[in-house]
file final38.tsv (TSV, C-alpha atoms)
chain	number	residue	atom	x	y	z
A	1	MET	CA	87.80	-246.16	3.74
A	2	ARG	CA	89.69	-244.86	0.73
A	3	LYS	CA	87.17	-246.50	-1.59
A	4	PHE	CA	84.30	-244.85	0.26
A	5	ILE	CA	85.89	-241.41	-0.09
A	6	THR	CA	86.49	-242.03	-3.78
A	7	LEU	CA	82.83	-243.02	-4.27
A	8	LEU	CA	81.65	-239.84	-2.54
A	9	ALA	CA	83.91	-237.78	-4.79
A	10	VAL	CA	82.45	-239.42	-7.92
A	11	ILE	CA	78.89	-238.83	-6.71
A	12	ALA	CA	79.63	-235.19	-5.84
A	13	THR	CA	81.20	-234.60	-9.27
A	14	PHE	CA	78.16	-236.12	-11.00
A	15	LEU	CA	75.73	-233.97	-9.01
A	16	PHE	CA	77.83	-230.88	-9.74
A	17	LEU	CA	77.75	-231.58	-13.48
A	18	VAL	CA	73.99	-232.18	-13.49
A	19	ALA	CA	73.32	-228.99	-11.50
A	20	GLY	CA	75.59	-227.02	-13.82
A	21	HIS	CA	73.77	-228.35	-16.88
A	22	PHE	CA	70.33	-227.24	-15.66
A	23	TYR	CA	71.65	-223.87	-14.47
A	24	TRP	CA	73.18	-223.13	-17.87
A	25	LYS	CA	70.06	-224.25	-19.74
A	26	GLU	CA	67.87	-221.98	-17.65
A	27	LYS	CA	70.19	-219.02	-18.09
A	28	THR	CA	70.50	-219.30	-21.87
A	29	SER	CA	66.76	-219.85	-22.36
A	30	ALA	CA	66.07	-216.54	-20.61
A	31	HIS	CA	67.93	-214.69	-23.40
A	32	THR	CA	66.55	-216.64	-26.35
A	33	PRO	CA	63.97	-214.55	-28.31
A	34	VAL	CA	60.52	-216.08	-28.39
A	35	GLU	CA	58.64	-215.98	-31.69
A	36	LYS	CA	55.33	-214.25	-31.27
A	37	LYS	CA	52.52	-216.12	-32.83
A	38	GLU	CA	49.77	-214.16	-34.53
A	39	PRO	CA	46.46	-214.87	-32.86
A	40	VAL	CA	44.31	-217.27	-34.81
A	41	GLU	CA	41.48	-214.71	-34.82
A	42	ALA	CA	43.67	-212.08	-36.52
A	43	LYS	CA	44.76	-214.61	-39.17
A	44	GLU	CA	41.16	-215.50	-39.88
A	45	LYS	CA	40.22	-211.84	-40.24
A	46	ALA	CA	43.06	-211.30	-42.69
A	47	LYS	CA	41.88	-214.24	-44.76
A	48	THR	CA	38.26	-213.08	-44.80
A	49	LYS	CA	38.94	-209.35	-45.48
A	50	LYS	CA	36.72	-208.25	-48.37
A	51	PRO	CA	37.40	-205.57	-51.02
A	52	VAL	CA	35.43	-202.31	-50.87
A	53	SER	CA	32.01	-202.96	-52.35
A	54	VAL	CA	30.26	-200.65	-54.80
A	55	ASP	CA	26.55	-199.97	-54.55
A	56	GLU	CA	25.22	-201.56	-57.73
A	57	ASP	CA	21.98	-199.59	-57.46
A	58	LEU	CA	23.90	-196.33	-57.85
A	59	LEU	CA	25.69	-197.66	-60.90
A	60	THR	CA	22.36	-198.62	-62.43
A	61	VAL	CA	20.98	-195.12	-61.84
A	62	SER	CA	23.93	-193.66	-63.79
A	63	ALA	CA	23.30	-195.92	-66.79
A	64	ASN	CA	22.61	-193.00	-69.20
A	65	TRP	CA	25.97	-191.32	-68.61
A	66	PRO	CA	28.88	-191.69	-71.04
A	67	LYS	CA	30.77	-194.94	-70.44
A	68	GLU	CA	33.85	-193.01	-69.34
A	69	ALA	CA	31.79	-191.15	-66.73
A	70	GLN	CA	30.23	-194.38	-65.45
A	71	ASP	CA	33.66	-195.96	-65.01
A	72	ALA	CA	35.00	-192.90	-63.18
A	73	PHE	CA	31.91	-192.83	-60.94
A	74	LYS	CA	32.41	-196.49	-60.05
A	75	LYS	CA	36.05	-195.81	-59.21
A	76	ALA	CA	35.14	-192.81	-57.04
A	77	THR	CA	32.53	-194.74	-55.07
A	78	SER	CA	34.91	-197.66	-54.54
A	79	GLU	CA	37.45	-195.21	-53.12
A	80	GLY	CA	34.86	-193.59	-50.87
A	81	ARG	CA	35.10	-190.11	-52.39
A	82	PRO	CA	32.32	-187.99	-53.92
A	83	TYR	CA	32.00	-187.84	-57.70
A	84	LYS	CA	31.93	-184.15	-58.66
A	85	ILE	CA	29.42	-182.83	-61.21
A	86	ALA	CA	29.48	-179.21	-62.44
A	87	PHE	CA	26.65	-177.35	-64.20
A	88	VAL	CA	28.20	-174.49	-66.18
A	89	GLY	CA	26.63	-171.88	-68.42
A	90	SER	CA	24.76	-168.60	-68.80
A	91	GLU	CA	21.99	-167.21	-66.62
A	92	SER	CA	19.60	-169.60	-68.36
A	93	ILE	CA	20.79	-172.47	-66.14
A	94	GLY	CA	18.90	-170.88	-63.25
A	95	LYS	CA	21.10	-170.73	-60.16
A	96	GLU	CA	18.25	-169.19	-58.19
A	97	ASP	CA	15.51	-171.19	-56.46
A	98	GLY	CA	13.23	-172.74	-59.07
A	99	GLY	CA	16.00	-172.97	-61.67
A	100	TRP	CA	16.60	-176.33	-63.31
A	101	SER	CA	20.17	-176.51	-61.96
A	102	VAL	CA	19.01	-176.15	-58.36
A	103	MET	CA	16.20	-178.65	-58.80
A	104	LEU	CA	18.54	-181.12	-60.49
A	105	LYS	CA	21.13	-180.70	-57.75
A	106	ASP	CA	18.47	-181.61	-55.17
A	107	ALA	CA	17.30	-184.58	-57.24
A	108	LEU	CA	20.86	-185.89	-57.58
A	109	SER	CA	21.39	-185.54	-53.84
A	110	GLU	CA	18.26	-187.57	-53.20
A	111	ALA	CA	19.14	-190.26	-55.75
A	112	TYR	CA	22.88	-190.59	-55.08
A	113	GLY	CA	23.27	-189.30	-51.53
A	114	ASN	CA	26.82	-188.21	-50.67
A	115	ALA	CA	28.21	-190.26	-53.59
A	116	VAL	CA	27.97	-187.09	-55.71
A	117	GLU	CA	28.81	-183.43	-55.13
A	118	VAL	CA	27.30	-180.78	-57.41
A	119	GLY	CA	28.62	-177.29	-58.19
A	120	ILE	CA	26.64	-174.64	-60.11
A	121	PHE	CA	28.58	-172.04	-62.13
A	122	GLU	CA	26.42	-169.35	-63.77
A	123	TYR	CA	27.80	-166.37	-65.71
A	124	ASP	CA	26.02	-163.51	-67.51
A	125	GLU	CA	28.69	-163.32	-70.22
A	126	GLN	CA	29.62	-164.26	-73.74
A	127	SER	CA	31.87	-167.26	-74.33
A	128	ASP	CA	34.99	-165.15	-74.97
A	129	GLU	CA	34.42	-163.21	-71.73
A	130	PHE	CA	33.97	-166.48	-69.88
A	131	ILE	CA	37.45	-167.51	-71.03
A	132	THR	CA	39.31	-164.21	-70.73
A	133	ASN	CA	37.85	-163.46	-67.28
A	134	GLY	CA	39.31	-166.69	-65.93
A	135	HIS	CA	36.02	-168.41	-65.19
A	136	ALA	CA	37.13	-171.62	-66.90
A	137	GLU	CA	39.92	-171.87	-64.34
A	138	GLU	CA	37.36	-171.14	-61.64
A	139	VAL	CA	35.41	-174.21	-62.68
A	140	ALA	CA	38.63	-176.23	-62.94
A	141	LYS	CA	39.45	-175.46	-59.28
A	142	PHE	CA	36.30	-177.35	-58.33
A	143	LYS	CA	38.01	-180.40	-59.89
A	144	PRO	CA	34.88	-181.76	-61.57
A	145	ASP	CA	34.64	-185.31	-62.85
A	146	PHE	CA	31.64	-184.49	-65.05
A	147	VAL	CA	30.71	-181.13	-66.61
A	148	LEU	CA	27.34	-180.31	-68.16
A	149	PHE	CA	28.22	-177.25	-70.26
A	150	GLU	CA	25.83	-174.76	-71.87
A	151	PRO	CA	28.41	-172.80	-73.90
A	152	PHE	CA	26.77	-169.34	-74.05
A	153	THR	CA	25.38	-169.91	-77.55
A	154	LEU	CA	22.47	-167.49	-77.09
A	155	ASN	CA	24.65	-164.83	-75.45
A	156	ASP	CA	27.06	-165.12	-78.38
A	157	ASN	CA	24.24	-164.75	-80.94
A	158	GLY	CA	24.99	-161.64	-83.02
A	159	ASN	CA	28.20	-160.96	-81.10
A	160	ILE	CA	30.58	-163.89	-81.48
A	161	GLU	CA	31.16	-166.00	-84.58
A	162	VAL	CA	30.13	-169.64	-84.30
A	163	GLU	CA	33.69	-170.80	-85.02
A	164	ASP	CA	34.99	-168.63	-82.17
A	165	ASN	CA	32.36	-170.04	-79.85
A	166	HIS	CA	33.54	-173.54	-80.71
A	167	GLU	CA	37.18	-172.58	-80.08
A	168	ASN	CA	36.16	-171.25	-76.67
A	169	ILE	CA	34.50	-174.59	-75.93
A	170	LYS	CA	37.75	-176.38	-76.79
A	171	THR	CA	39.69	-174.03	-74.51
A	172	PHE	CA	37.30	-174.73	-71.67
A	173	ILE	CA	37.56	-178.49	-72.18
A	174	SER	CA	41.36	-178.28	-72.03
A	175	ASP	CA	41.10	-176.28	-68.79
A	176	VAL	CA	38.95	-178.87	-67.00
A	177	LYS	CA	41.36	-181.56	-68.23
A	178	ASP	CA	40.20	-185.06	-67.23
A	179	ALA	CA	36.54	-184.18	-66.71
A	180	VAL	CA	33.91	-185.73	-68.99
A	181	VAL	CA	32.24	-182.77	-70.77
A	182	VAL	CA	28.69	-183.03	-72.10
A	183	LEU	CA	27.19	-180.17	-74.13
A	184	GLN	CA	23.67	-178.82	-74.19
A	185	PRO	CA	22.11	-175.78	-75.90
A	186	PRO	CA	20.54	-172.87	-74.05
A	187	HIS	CA	16.74	-172.60	-74.08
A	188	PRO	CA	14.90	-172.09	-77.40
A	189	ILE	CA	13.33	-168.71	-78.19
A	190	HIS	CA	10.29	-167.80	-80.23
A	191	GLY	CA	10.67	-166.35	-83.75
A	192	ALA	CA	14.49	-166.51	-83.94
A	193	THR	CA	16.17	-166.35	-87.36
A	194	PHE	CA	19.85	-167.24	-86.98
A	195	TYR	CA	19.88	-168.72	-83.49
A	196	PRO	CA	18.39	-172.15	-84.43
A	197	GLY	CA	21.10	-172.59	-87.05
A	198	GLN	CA	23.79	-171.77	-84.50
A	199	VAL	CA	22.36	-174.44	-82.20
A	200	ASP	CA	22.36	-176.93	-85.09
A	201	GLN	CA	26.05	-176.14	-85.61
A	202	LEU	CA	26.69	-176.68	-81.89
A	203	LYS	CA	25.16	-180.14	-82.17
A	204	ALA	CA	27.28	-180.90	-85.25
A	205	PHE	CA	30.38	-179.68	-83.40
A	206	ALA	CA	29.62	-182.01	-80.48
A	207	ASN	CA	29.25	-184.96	-82.83
A	208	ALA	CA	32.51	-184.11	-84.62
A	209	GLU	CA	34.38	-183.82	-81.31
A	210	GLY	CA	32.92	-187.05	-79.91
A	211	LEU	CA	31.02	-185.23	-77.15
A	212	ASP	CA	27.61	-186.24	-75.84
A	213	TYR	CA	24.94	-183.65	-76.67
A	214	LEU	CA	21.72	-183.33	-74.66
A	215	ASP	CA	19.07	-181.99	-77.03
A	216	HIS	CA	16.37	-180.84	-74.60
A	217	TRP	CA	14.69	-178.71	-77.29
A	218	SER	CA	12.61	-181.75	-78.18
A	219	GLU	CA	10.63	-181.19	-74.95
A	220	TRP	CA	9.71	-177.54	-75.63
A	221	PRO	CA	6.97	-176.14	-77.90
A	222	ASP	CA	8.13	-175.44	-81.45
A	223	GLN	CA	9.99	-172.16	-81.98
A	224	SER	CA	7.32	-170.99	-84.40
A	225	ASN	CA	4.61	-171.62	-81.82
A	226	GLU	CA	3.54	-168.58	-79.78
A	227	GLU	CA	3.04	-170.93	-76.82
A	228	LEU	CA	6.81	-171.08	-76.40
A	229	ARG	CA	6.72	-167.56	-74.93
A	230	THR	CA	4.74	-168.89	-71.97
A	231	TYR	CA	7.84	-170.91	-70.98
A	232	LEU	CA	10.16	-167.90	-71.04
A	233	GLN	CA	10.73	-164.62	-69.25
A	234	ASP	CA	9.44	-161.45	-70.94
A	235	GLN	CA	12.60	-160.75	-72.97
A	236	GLN	CA	13.18	-164.48	-73.63
A	237	SER	CA	16.60	-164.15	-71.99
A	238	ALA	CA	15.95	-167.11	-69.70
A	239	PRO	CA	13.24	-169.68	-68.92
A	240	ASN	CA	10.52	-168.87	-66.44
A	241	GLU	CA	9.38	-171.35	-63.80
A	242	LYS	CA	7.45	-173.37	-66.39
A	243	GLY	CA	10.43	-173.53	-68.73
A	244	HIS	CA	12.85	-174.53	-65.98
A	245	GLU	CA	10.50	-177.38	-65.06
A	246	VAL	CA	10.54	-178.76	-68.63
A	247	TRP	CA	14.32	-178.48	-68.82
A	248	PHE	CA	14.75	-180.06	-65.38
A	249	GLU	CA	12.56	-183.06	-66.18
A	250	PHE	CA	14.56	-183.80	-69.32
A	251	LEU	CA	17.90	-183.64	-67.50
A	252	ARG	CA	16.58	-185.55	-64.48
A	253	ASP	CA	15.68	-188.50	-66.71
A	254	TYR	CA	19.19	-188.41	-68.17
A	255	PHE	CA	21.13	-188.17	-64.91
A	256	ILE	CA	18.86	-190.50	-62.95
A	257	ALA	CA	17.99	-193.54	-65.01
A	258	LYS	CA	14.76	-195.33	-64.12
call {"tool": "encode", "arguments": {"input": "final38.tsv", "output": "structure tokens"}}
result
Amino acid sequence: MRKFITLLAVIATFLFLVAGHFYWKEKTSAHTPVEKKEPVEAKEKAKTKKPVSVDEDLLTVSANWPKEAQDAFKKATSEGRPYKIAFVGSESIGKEDGGWSVMLKDALSEAYGNAVEVGIFEYDEQSDEFITNGHAEEVAKFKPDFVLFEPFTLNDNGNIEVEDNHENIKTFISDVKDAVVVLQPPHPIHGATFYPGQVDQLKAFANAEGLDYLDHWSEWPDQSNEELRTYLQDQQSAPNEKGHEVWFEFLRDYFIAK
């Protein structure tokens, strides 16, 4: 009888130990943090994520721009922001309908879509007034990446020395800071004496400063040719519709490479 009781005690102790083991295992496992596994689909997406692509067609269309401008345009498109272009100059740039600046803005919008943003800044002033009246800072607030600048050469004719005009150009360039600045002359006029020489000096200044210079005068009738007047307003202060068209076509072929 005593042996039987002893056997039952051994069996009961064994069962108690086994039950205690499983109870403790279950309790501790409930408080053990479980590592979350990233879904296979998410891992695959991470592996196959591609960098932002750049529209190569747009880069081809900008092939005539300065190399620095092309690189900045590529960077802007890869970041998904518009590349800002500013047309700046005297009333000869034609901010009204039919002016070359308006037509070129529309052409750029069609060619580049929302990859570019164009601002037109027209002032009936001399170059020193443009600086002292704070209009350079006005352009700078637009934060342009590219500036096509007609530096008031005709307005300065007979009023401002060529050297002073060039200093005003330098001041403007320093104000727009990191923008690529490209120079162009105003429109030609018939029968001028000193003005053509001032434009020649503007071209020489651009070359000396390492600035691109867009010489659209090659597309107009010669200054000695009376026909030139048919491209200009009565007082030759600005192009007429015919003159704006010639100027626009030249700039269009530059900004939008074929």
call {"tool": "residues_near_point", "arguments": {"input": "final38.tsv", "point": "(23.9, -182.7, -72.5)", "cutoff": "6 Å", "atoms": "all atoms listed in the file", "output": "PyMOL selection string"}}
result
chain A and resi 182-184+213-214
call {"tool": "residues_near_point", "arguments": {"input": "final38.tsv", "point": "(33.2, -186.4, -80.7)", "cutoff": "12 Å", "atoms": "only C-alpha atoms", "output": "short mmCIF file (atom, residue, chain, number, x, y, z; two decimals) with C-alpha atoms, keeping the file's coordinate frame"}}
result
data_model
loop_
_atom_site.label_atom_id
_atom_site.label_comp_id
_atom_site.auth_asym_id
_atom_site.auth_seq_id
_atom_site.Cartn_x
_atom_site.Cartn_y
_atom_site.Cartn_z
CA PRO A 66 28.88 -191.69 -71.04
CA LYS A 170 37.75 -176.38 -76.79
CA VAL A 180 33.91 -185.73 -68.99
CA VAL A 181 32.24 -182.77 -70.77
CA VAL A 182 28.69 -183.03 -72.10
CA LEU A 183 27.19 -180.17 -74.13
CA LEU A 202 26.69 -176.68 -81.89
CA LYS A 203 25.16 -180.14 -82.17
CA ALA A 204 27.28 -180.90 -85.25
CA PHE A 205 30.38 -179.68 -83.40
CA ALA A 206 29.62 -182.01 -80.48
CA ASN A 207 29.25 -184.96 -82.83
CA ALA A 208 32.51 -184.11 -84.62
CA GLU A 209 34.38 -183.82 -81.31
CA GLY A 210 32.92 -187.05 -79.91
CA LEU A 211 31.02 -185.23 -77.15
CA ASP A 212 27.61 -186.24 -75.84
CA TYR A 213 24.94 -183.65 -76.67
#
call {"tool": "residues_around", "arguments": {"input": "final38.tsv", "residues": "A:Ile256", "least_positions_apart": "6", "cutoff": "12 Å", "atoms": "all atoms listed in the file", "output": "PyMOL selection string"}}
result
chain A and resi 57-65+104-112+248-250
call {"tool": "residues_around", "arguments": {"input": "final38.tsv", "residues": "stretch 74-83 of chain A", "least_positions_apart": "3", "cutoff": "10 Å", "atoms": "all atoms listed in the file", "output": "list of chain:residue names"}}
result
A:Pro51, A:Val52, A:Ser53, A:Val54, A:Asp55, A:Glu56, A:Leu58, A:Leu59, A:Ser62, A:Ala69, A:Gln70, A:Asp71, A:Tyr112, A:Gly113, A:Asn114, A:Ala115, A:Val116, A:Glu117, A:Val118, A:Lys143, A:Pro144, A:Asp145, A:Phe146
call {"tool": "atom_distance", "arguments": {"input": "final38.tsv", "atom1": "atom CA of A:Val139", "atom2": "atom CA of A:Asp156"}}
result
20.0 Å
call {"tool": "atom_distance", "arguments": {"input": "final38.tsv", "atom1": "atom CA of A:Gln233", "atom2": "atom CA of A:Tyr123"}}
result
17.5 Å
call {"tool": "atom_distance", "arguments": {"input": "final38.tsv", "atom1": "atom CA of A:Glu91", "atom2": "atom CA of A:Glu68"}}
result
28.5 Å
call {"tool": "closest_residue", "arguments": {"input": "final38.tsv", "among": "A:Thr153, A:Asn133, A:Ser237, A:Ser174", "to": "A:Ile189", "atoms": "all atoms listed in the file"}}
result
A:Ser237
call {"tool": "residues_around", "arguments": {"input": "final38.tsv", "residues": "A:Asn159", "least_positions_apart": "4", "cutoff": "10 Å", "atoms": "all atoms listed in the file", "output": "VMD selection string"}}
result
chain A and resid 126 to 127 154 to 155
